[in-house]
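Colleague: Sharing target27.pdb (PDB, C-alpha atoms) below.
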ATOM      1  CA  MET S  19     -65.744 -43.567  53.979
ATOM      2  CA  SER S  20     -64.077 -41.069  51.682
ATOM      3  CA  LEU S  21     -60.373 -40.331  51.913
ATOM      4  CA  LEU S  22     -61.051 -36.918  50.378
ATOM      5  CA  LEU S  23     -62.812 -35.549  53.465
ATOM      6  CA  GLY S  24     -61.124 -32.416  54.735
ATOM      7  CA  TYR S  25     -59.673 -31.490  51.368
ATOM      8  CA  GLY S  26     -60.915 -28.233  49.948
ATOM      9  CA  PRO S  27     -60.568 -26.666  46.528
ATOM     10  CA  PRO S  28     -57.092 -26.456  44.991
ATOM     11  CA  ARG S  29     -54.837 -23.895  46.698
ATOM     12  CA  PHE S  30     -53.258 -22.704  43.470
ATOM     13  CA  VAL S  31     -55.013 -21.353  40.373
ATOM     14  CA  ARG S  32     -53.361 -20.548  37.051
ATOM     15  CA  LEU S  33     -54.406 -17.170  35.648
ATOM     16  CA  ARG S  34     -54.053 -16.448  31.943
ATOM     17  CA  ALA S  35     -54.862 -13.171  30.227
ATOM     18  CA  GLY S  36     -57.916 -13.236  28.024
ATOM     19  CA  THR S  37     -58.224 -11.440  24.714
ATOM     20  CA  VAL S  38     -60.497  -8.564  23.774
ATOM     21  CA  PRO S  39     -60.723  -6.535  20.576
ATOM     22  CA  ASP S  40     -59.040  -3.129  20.586
ATOM     23  CA  THR S  41     -60.553  -0.060  18.896
ATOM     24  CA  TYR S  42     -59.448  -1.434  15.503
ATOM     25  CA  GLY S  43     -60.904  -4.891  16.143
ATOM     26  CA  ASP S  44     -57.523  -6.558  16.660
ATOM     27  CA  PRO S  45     -57.204  -8.987  19.593
ATOM     28  CA  VAL S  46     -55.192  -7.676  22.562
ATOM     29  CA  GLU S  47     -54.308  -9.190  25.940
ATOM     30  CA  SER S  48     -56.573  -8.263  28.855
ATOM     31  CA  TRP S  49     -55.982  -8.900  32.569
ATOM     32  CA  ASP S  50     -59.401  -7.507  33.517
ATOM     33  CA  PRO S  51     -60.984  -9.983  35.975
ATOM     34  CA  GLU S  52     -63.924 -10.742  33.667
ATOM     35  CA  HIS S  53     -61.550 -11.785  30.850
ATOM     36  CA  VAL S  54     -58.936 -13.766  32.822
ATOM     37  CA  GLN S  55     -58.984 -17.538  32.261
ATOM     38  CA  ARG S  56     -58.709 -19.517  35.520
ATOM     39  CA  LEU S  57     -57.460 -23.105  35.813
ATOM     40  CA  PRO S  58     -57.320 -24.819  39.241
ATOM     41  CA  LEU S  59     -54.075 -26.747  39.838
ATOM     42  CA  PRO S  60     -55.064 -29.675  42.068
ATOM     43  CA  GLY S  61     -52.195 -31.292  43.926
ATOM     44  CA  ALA S  62     -49.834 -28.336  43.416
ATOM     45  CA  ARG S  63     -47.525 -27.472  46.293
ATOM     46  CA  ALA S  64     -44.938 -24.753  46.852
ATOM     47  CA  GLN S  65     -41.717 -24.100  48.716
ATOM     48  CA  VAL S  66     -40.908 -20.534  49.770
ATOM     49  CA  ARG S  67     -37.437 -19.135  49.162
ATOM     50  CA  ASP S  68     -36.166 -15.626  49.953
ATOM     51  CA  VAL S  69     -33.485 -14.033  47.791
ATOM     52  CA  VAL S  70     -31.288 -12.195  50.284
ATOM     53  CA  GLU S  71     -28.771  -9.411  49.770
ATOM     54  CA  GLU S  72     -25.977  -9.439  52.337
ATOM     55  CA  GLU S  73     -23.843  -6.435  53.199
ATOM     56  CA  GLY S  74     -21.654  -7.101  56.216
ATOM     57  CA  LEU S  75     -23.931  -8.155  59.055
ATOM     58  CA  VAL S  76     -27.034  -6.730  57.390
ATOM     59  CA  HIS S  77     -29.284  -9.178  55.563
ATOM     60  CA  ARG S  78     -32.074  -7.757  53.444
ATOM     61  CA  VAL S  79     -34.726  -9.706  51.554
ATOM     62  CA  ILE S  80     -34.808  -8.242  48.061
ATOM     63  CA  ARG S  81     -37.481 -10.544  46.740
ATOM     64  CA  ARG S  82     -39.460 -13.593  47.702
ATOM     65  CA  GLU S  83     -39.649 -16.579  45.381
ATOM     66  CA  ARG S  84     -41.670 -19.720  45.452
ATOM     67  CA  VAL S  85     -40.972 -22.920  43.626
ATOM     68  CA  LEU S  86     -44.272 -24.438  42.511
ATOM     69  CA  TYR S  87     -44.482 -28.198  41.953
ATOM     70  CA  MET S  88     -47.453 -29.417  39.893
ATOM     71  CA  PRO S  89     -48.263 -33.074  39.239
ATOM     72  CA  GLY S  90     -48.370 -34.039  35.571
ATOM     73  CA  THR S  91     -48.077 -31.517  32.761
ATOM     74  CA  PRO S  92     -50.735 -28.825  33.316
ATOM     75  CA  ASP S  93     -51.183 -26.059  30.754
ATOM     76  CA  VAL S  94     -48.881 -23.490  32.405
ATOM     77  CA  ARG S  95     -46.703 -20.988  30.499
ATOM     78  CA  ALA S  96     -44.166 -18.291  31.352
ATOM     79  CA  GLU S  97     -46.737 -15.552  30.587
ATOM     80  CA  ASP S  98     -49.240 -16.921  33.123
ATOM     81  CA  ARG S  99     -49.692 -15.911  36.732
ATOM     82  CA  ILE S 100     -50.433 -18.059  39.758
ATOM     83  CA  GLU S 101     -52.906 -17.106  42.487
ATOM     84  CA  GLU S 102     -52.836 -18.427  46.031
ATOM     85  CA  ALA S 103     -55.009 -17.063  48.844
ATOM     86  CA  GLY S 104     -55.562 -13.761  47.052
ATOM     87  CA  GLU S 105     -51.855 -13.226  46.255
ATOM     88  CA  VAL S 106     -50.777 -13.197  42.624
ATOM     89  CA  TRP S 107     -47.316 -14.411  41.639
ATOM     90  CA  ARG S 108     -45.557 -14.177  38.266
ATOM     91  CA  ILE S 109     -43.901 -17.181  36.662
ATOM     92  CA  ASP S 110     -40.185 -16.475  36.290
ATOM     93  CA  GLY S 111     -39.071 -18.199  33.078
ATOM     94  CA  ASP S 112     -40.477 -21.262  31.390
ATOM     95  CA  PRO S 113     -41.903 -24.045  33.560
ATOM     96  CA  VAL S 114     -39.866 -27.269  33.367
ATOM     97  CA  VAL S 115     -41.314 -30.774  33.080
ATOM     98  CA  ARG S 116     -39.360 -33.320  35.105
ATOM     99  CA  THR S 117     -39.676 -36.976  34.317
ATOM    100  CA  ARG S 118     -39.131 -39.377  37.175
ATOM    101  CA  LEU S 119     -37.991 -42.988  37.256
ATOM    102  CA  SER S 120     -41.178 -43.990  39.015
ATOM    103  CA  GLY S 121     -44.462 -42.184  38.849
ATOM    104  CA  PRO S 122     -45.902 -39.520  36.569
ATOM    105  CA  PRO S 123     -44.009 -36.422  35.429
ATOM    106  CA  GLU S 124     -43.983 -33.222  37.452
ATOM    107  CA  THR S 125     -43.958 -29.598  36.263
ATOM    108  CA  VAL S 126     -41.847 -27.084  38.184
ATOM    109  CA  ALA S 127     -42.081 -23.279  37.948
ATOM    110  CA  THR S 128     -40.327 -20.511  39.861
ATOM    111  CA  LEU S 129     -42.682 -17.760  41.020
ATOM    112  CA  THR S 130     -41.552 -14.275  41.974
ATOM    113  CA  ARG S 131     -43.104 -11.378  43.790
ATOM    114  CA  LYS S 132     -41.219  -8.179  44.581
ATOM    115  CA  THR S 133     -41.318  -7.006  48.193
ATOM    116  CA  GLY S 134     -41.311  -3.477  49.542
TER     117      GLY S 134
END
Would you mind writing the file's structure down as structure tokens?
Modeller:
Amino acid sequence: MSLLLGYGPPRFVRLRAGTVPDTYGDPVESWDPEHVQRLPLPGARAQVRDVVEEEGLVHRVIRRERVLYMPGTPDVRAEDRIEEAGEVWRIDGDPVVRTRLSGPPETVATLTRKTG
């Protein structure tokens, strides 16, 4: 009996721009779908956090953030993007590797997506 039954593919995928030559033959960044490098992030999980602006009794969400927790030290950089269920999030700042007293390290990244 497998304990992995019911688990699907990883929820989160790291997207990294590929490179293509420009008209002069120099490499440039490309986010075209056929050039994007994809890396599944198995075991990654996220917490949702809204950044709220308060003015008197009015509360307005100005942006939605997610904190992404990834086991180990996956190849994730500030320039990358993270995809989940068709939504693409930007990494806000450099991911941080946390070492723990027991168990393997964990990488943490804040993701942002503007609303409205």
Colleague: Identify all residues satisfying the PyMOL selection byres ((chain S and resi 109) around 8) in the given file; provide them as a PyMOL selection string.
Modeller: chain S and resi 95-100+107-108+110-113+127-130
Colleague: Kindly indicate which residue among S:Arg63, S:Arg29, S:Arg131, S:Arg116 lies nearest to Glu83 of chain S, using all atoms listed in the file for the distances.
Modeller: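 Checking each of S:Arg63, S:Arg29, S:Arg131, S:Arg116 against Glu83 of chain S, counting all atoms listed in the file, the winner is S:Arg131.
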Colleague: Could you list the residues chosen by the PyMOL selection byres ((chain S and resi 126) around 7) in this structure as an MDAnalysis selection string?
Modeller: chainID S and resid 85:88 113:115 124:125 127:128
Colleague: For the residues selected in the previous step, produce a file with C-alpha atoms as a compact mmCIF listing (two decimals), keeping the file's coordinate frame.
Modeller:
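Output (out-v8.txt):
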# COMPACT_ATOMS: atom_id res chain seq x y z
CA VAL S 85 -40.97 -22.92 43.63
CA LEU S 86 -44.27 -24.44 42.51
CA TYR S 87 -44.48 -28.20 41.95
CA MET S 88 -47.45 -29.42 39.89
CA PRO S 113 -41.90 -24.04 33.56
CA VAL S 114 -39.87 -27.27 33.37
CA VAL S 115 -41.31 -30.77 33.08
CA GLU S 124 -43.98 -33.22 37.45
CA THR S 125 -43.96 -29.60 36.26
CA ALA S 127 -42.08 -23.28 37.95
CA THR S 128 -40.33 -20.51 39.86
Colleague: Which residue is closest to Phe30 of chain S? Choose from S:Pro51, S:Gly90, S:Pro45, S:Gly104 and count all atoms listed in the file.
Modeller: S:Gly104
Colleague: Would you be able to write out as a JSON list (two decimals) with C-alpha atoms, in the coordinates of the input which residues have an atom within 12 Å of (-55.2, -7.7, 30.1) in the file's coordinates, counting all atoms listed in the file?
Modeller:
[["chain", "number", "residue", "atom", "x", "y", "z"],
["S", 33, "LEU", "CA", -54.41, -17.17, 35.65],
["S", 34, "ARG", "CA", -54.05, -16.45, 31.94],
["S", 35, "ALA", "CA", -54.86, -13.17, 30.23],
["S", 36, "GLY", "CA", -57.92, -13.24, 28.02],
["S", 37, "THR", "CA", -58.22, -11.44, 24.71],
["S", 38, "VAL", "CA", -60.50, -8.56, 23.77],
["S", 39, "PRO", "CA", -60.72, -6.54, 20.58],
["S", 40, "ASP", "CA", -59.04, -3.13, 20.59],
["S", 45, "PRO", "CA", -57.20, -8.99, 19.59],
["S", 46, "VAL", "CA", -55.19, -7.68, 22.56],
["S", 47, "GLU", "CA", -54.31, -9.19, 25.94],
["S", 48, "SER", "CA", -56.57, -8.26, 28.86],
["S", 49, "TRP", "CA", -55.98, -8.90, 32.57],
["S", 50, "ASP", "CA", -59.40, -7.51, 33.52],
["S", 51, "PRO", "CA", -60.98, -9.98, 35.98],
["S", 52, "GLU", "CA", -63.92, -10.74, 33.67],
["S", 53, "HIS", "CA", -61.55, -11.78, 30.85],
["S", 54, "VAL", "CA", -58.94, -13.77, 32.82],
["S", 55, "GLN", "CA", -58.98, -17.54, 32.26],
["S", 97, "GLU", "CA", -46.74, -15.55, 30.59],
["S", 98, "ASP", "CA", -49.24, -16.92, 33.12],
["S", 99, "ARG", "CA", -49.69, -15.91, 36.73]]
Colleague: Can you list, as a compact mmCIF listing (two decimals) with C-alpha atoms, in the frame of the given file, the residues that the PyMOL selection byres ((chain S and resi 82) around 9) selects here?
Modeller:
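Saved result, expr.txt, follows:
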# COMPACT_ATOMS: atom_id res chain seq x y z
CA VAL S 66 -40.91 -20.53 49.77
CA ARG S 67 -37.44 -19.14 49.16
CA ASP S 68 -36.17 -15.63 49.95
CA VAL S 69 -33.48 -14.03 47.79
CA VAL S 70 -31.29 -12.20 50.28
CA VAL S 79 -34.73 -9.71 51.55
CA ILE S 80 -34.81 -8.24 48.06
CA ARG S 81 -37.48 -10.54 46.74
CA GLU S 83 -39.65 -16.58 45.38
CA ARG S 84 -41.67 -19.72 45.45
CA LEU S 129 -42.68 -17.76 41.02
CA THR S 130 -41.55 -14.28 41.97
CA ARG S 131 -43.10 -11.38 43.79
CA LYS S 132 -41.22 -8.18 44.58
CA THR S 133 -41.32 -7.01 48.19
Colleague: In Å, rounded to a single decimal, give me how far atom CA of Val106 of chain S is from atom CA of Pro123 of chain S.
Modeller: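 Value for the atom CA of Pro123 of chain S-atom CA of Val106 of chain S distance: 25.2 Å.
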Colleague: Could you state the separation of atom CA of Arg32 of chain S and atom CA of Ser120 of chain S in Å, given to one decimal place?
Modeller: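 If I compute the distance from atom CA of Arg32 of chain S to atom CA of Ser120 of chain S, I get 26.5 Å.
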Colleague: May I ask which of the residues S:Val31, S:Leu119, S:Ala103, S:Val94 is the closest one to Leu59 of chain S, counting all atoms listed in the file?
Modeller: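 Smallest separation from Leu59 of chain S among the options: S:Val31.
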Colleague: Which residues are close to Pro122 of chain S, i.e. within 9 Å by all atoms listed in the file, leaving aside same-chain residues fewer than 4 positions away? Reply as a list in words.
Modeller: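 Returned residues: Pro89, Gly90, Thr117 and Arg118 of chain S.
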Colleague: Using all atoms listed in the file, which of S:His77, S:Pro92, S:Pro28, S:Tyr42 sits nearest Gly61 of chain S?
Modeller: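 Answer, going by the shortest atom-to-atom distance: S:Pro28.
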Colleague: Only C-alpha atoms needed: put segment 23-88 of chain S from the block into a file as a PDB file, in the first residue's frame.
Modeller:
ATOM      1  CA  LEU S  23      -2.009   7.733  -3.053  1.00  0.00           C
ATOM      2  CA  GLY S  24      -4.135  10.833  -3.438  1.00  0.00           C
ATOM      3  CA  TYR S  25      -1.182  13.145  -3.916  1.00  0.00           C
ATOM      4  CA  GLY S  26      -1.038  14.862  -7.263  1.00  0.00           C
ATOM      5  CA  PRO S  27       1.668  16.878  -8.961  1.00  0.00           C
ATOM      6  CA  PRO S  28       3.294  19.711  -7.005  1.00  0.00           C
ATOM      7  CA  ARG S  29       0.992  22.710  -6.496  1.00  0.00           C
ATOM      8  CA  PHE S  30       3.735  25.269  -7.009  1.00  0.00           C
ATOM      9  CA  VAL S  31       6.058  25.632 -10.004  1.00  0.00           C
ATOM     10  CA  ARG S  32       9.025  27.987 -10.249  1.00  0.00           C
ATOM     11  CA  LEU S  33       9.126  29.920 -13.524  1.00  0.00           C
ATOM     12  CA  ARG S  34      12.385  31.405 -14.766  1.00  0.00           C
ATOM     13  CA  ALA S  35      12.831  33.491 -17.895  1.00  0.00           C
ATOM     14  CA  GLY S  36      14.698  31.792 -20.691  1.00  0.00           C
ATOM     15  CA  THR S  37      17.176  33.500 -22.976  1.00  0.00           C
ATOM     16  CA  VAL S  38      16.922  34.147 -26.696  1.00  0.00           C
ATOM     17  CA  PRO S  39      19.222  36.052 -29.037  1.00  0.00           C
ATOM     18  CA  ASP S  40      18.186  39.590 -29.951  1.00  0.00           C
ATOM     19  CA  THR S  41      18.626  41.043 -33.452  1.00  0.00           C
ATOM     20  CA  TYR S  42      22.355  41.511 -32.746  1.00  0.00           C
ATOM     21  CA  GLY S  43      22.815  37.962 -31.450  1.00  0.00           C
ATOM     22  CA  ASP S  44      23.138  39.005 -27.806  1.00  0.00           C
ATOM     23  CA  PRO S  45      21.229  36.937 -25.221  1.00  0.00           C
ATOM     24  CA  VAL S  46      18.147  38.643 -23.748  1.00  0.00           C
ATOM     25  CA  GLU S  47      15.552  37.514 -21.202  1.00  0.00           C
ATOM     26  CA  SER S  48      12.337  36.035 -22.605  1.00  0.00           C
ATOM     27  CA  TRP S  49       9.110  35.253 -20.729  1.00  0.00           C
ATOM     28  CA  ASP S  50       7.500  33.702 -23.816  1.00  0.00           C
ATOM     29  CA  PRO S  51       5.914  30.392 -22.715  1.00  0.00           C
ATOM     30  CA  GLU S  52       8.122  28.307 -25.022  1.00  0.00           C
ATOM     31  CA  HIS S  53      11.290  29.760 -23.440  1.00  0.00           C
ATOM     32  CA  VAL S  54      10.299  29.769 -19.744  1.00  0.00           C
ATOM     33  CA  GLN S  55      12.094  27.202 -17.569  1.00  0.00           C
ATOM     34  CA  ARG S  56       9.723  25.354 -15.207  1.00  0.00           C
ATOM     35  CA  LEU S  57      10.750  23.634 -11.966  1.00  0.00           C
ATOM     36  CA  PRO S  58       8.122  21.846  -9.821  1.00  0.00           C
ATOM     37  CA  LEU S  59       8.448  22.597  -6.087  1.00  0.00           C
ATOM     38  CA  PRO S  60       7.272  19.422  -4.338  1.00  0.00           C
ATOM     39  CA  GLY S  61       6.282  19.883  -0.717  1.00  0.00           C
ATOM     40  CA  ALA S  62       5.936  23.674  -1.004  1.00  0.00           C
ATOM     41  CA  ARG S  63       3.112  25.288   0.939  1.00  0.00           C
ATOM     42  CA  ALA S  64       1.860  28.855   1.267  1.00  0.00           C
ATOM     43  CA  GLN S  65       0.125  31.146   3.719  1.00  0.00           C
ATOM     44  CA  VAL S  66      -2.008  33.992   2.363  1.00  0.00           C
ATOM     45  CA  ARG S  67      -1.657  37.470   3.831  1.00  0.00           C
ATOM     46  CA  ASP S  68      -3.490  40.643   2.772  1.00  0.00           C
ATOM     47  CA  VAL S  69      -1.803  44.026   3.107  1.00  0.00           C
ATOM     48  CA  VAL S  70      -4.602  46.324   4.249  1.00  0.00           C
ATOM     49  CA  GLU S  71      -4.875  50.101   4.182  1.00  0.00           C
ATOM     50  CA  GLU S  72      -7.072  51.483   6.950  1.00  0.00           C
ATOM     51  CA  GLU S  73      -8.738  54.880   6.855  1.00  0.00           C
ATOM     52  CA  GLY S  74     -11.185  55.311   9.711  1.00  0.00           C
ATOM     53  CA  LEU S  75     -13.661  52.448   9.523  1.00  0.00           C
ATOM     54  CA  VAL S  76     -12.805  51.655   5.908  1.00  0.00           C
ATOM     55  CA  HIS S  77     -10.429  48.761   5.297  1.00  0.00           C
ATOM     56  CA  ARG S  78      -9.122  48.270   1.783  1.00  0.00           C
ATOM     57  CA  VAL S  79      -6.885  45.464   0.551  1.00  0.00           C
ATOM     58  CA  ILE S  80      -4.107  47.128  -1.413  1.00  0.00           C
ATOM     59  CA  ARG S  81      -2.286  43.947  -2.279  1.00  0.00           C
ATOM     60  CA  ARG S  82      -2.304  40.263  -1.529  1.00  0.00           C
ATOM     61  CA  GLU S  83       0.868  38.500  -0.446  1.00  0.00           C
ATOM     62  CA  ARG S  84       1.714  34.900   0.081  1.00  0.00           C
ATOM     63  CA  VAL S  85       4.558  33.497   2.081  1.00  0.00           C
ATOM     64  CA  LEU S  86       5.876  30.395   0.327  1.00  0.00           C
ATOM     65  CA  TYR S  87       7.653  27.725   2.378  1.00  0.00           C
ATOM     66  CA  MET S  88       9.780  25.246   0.408  1.00  0.00           C
TER      67      MET S  88
END
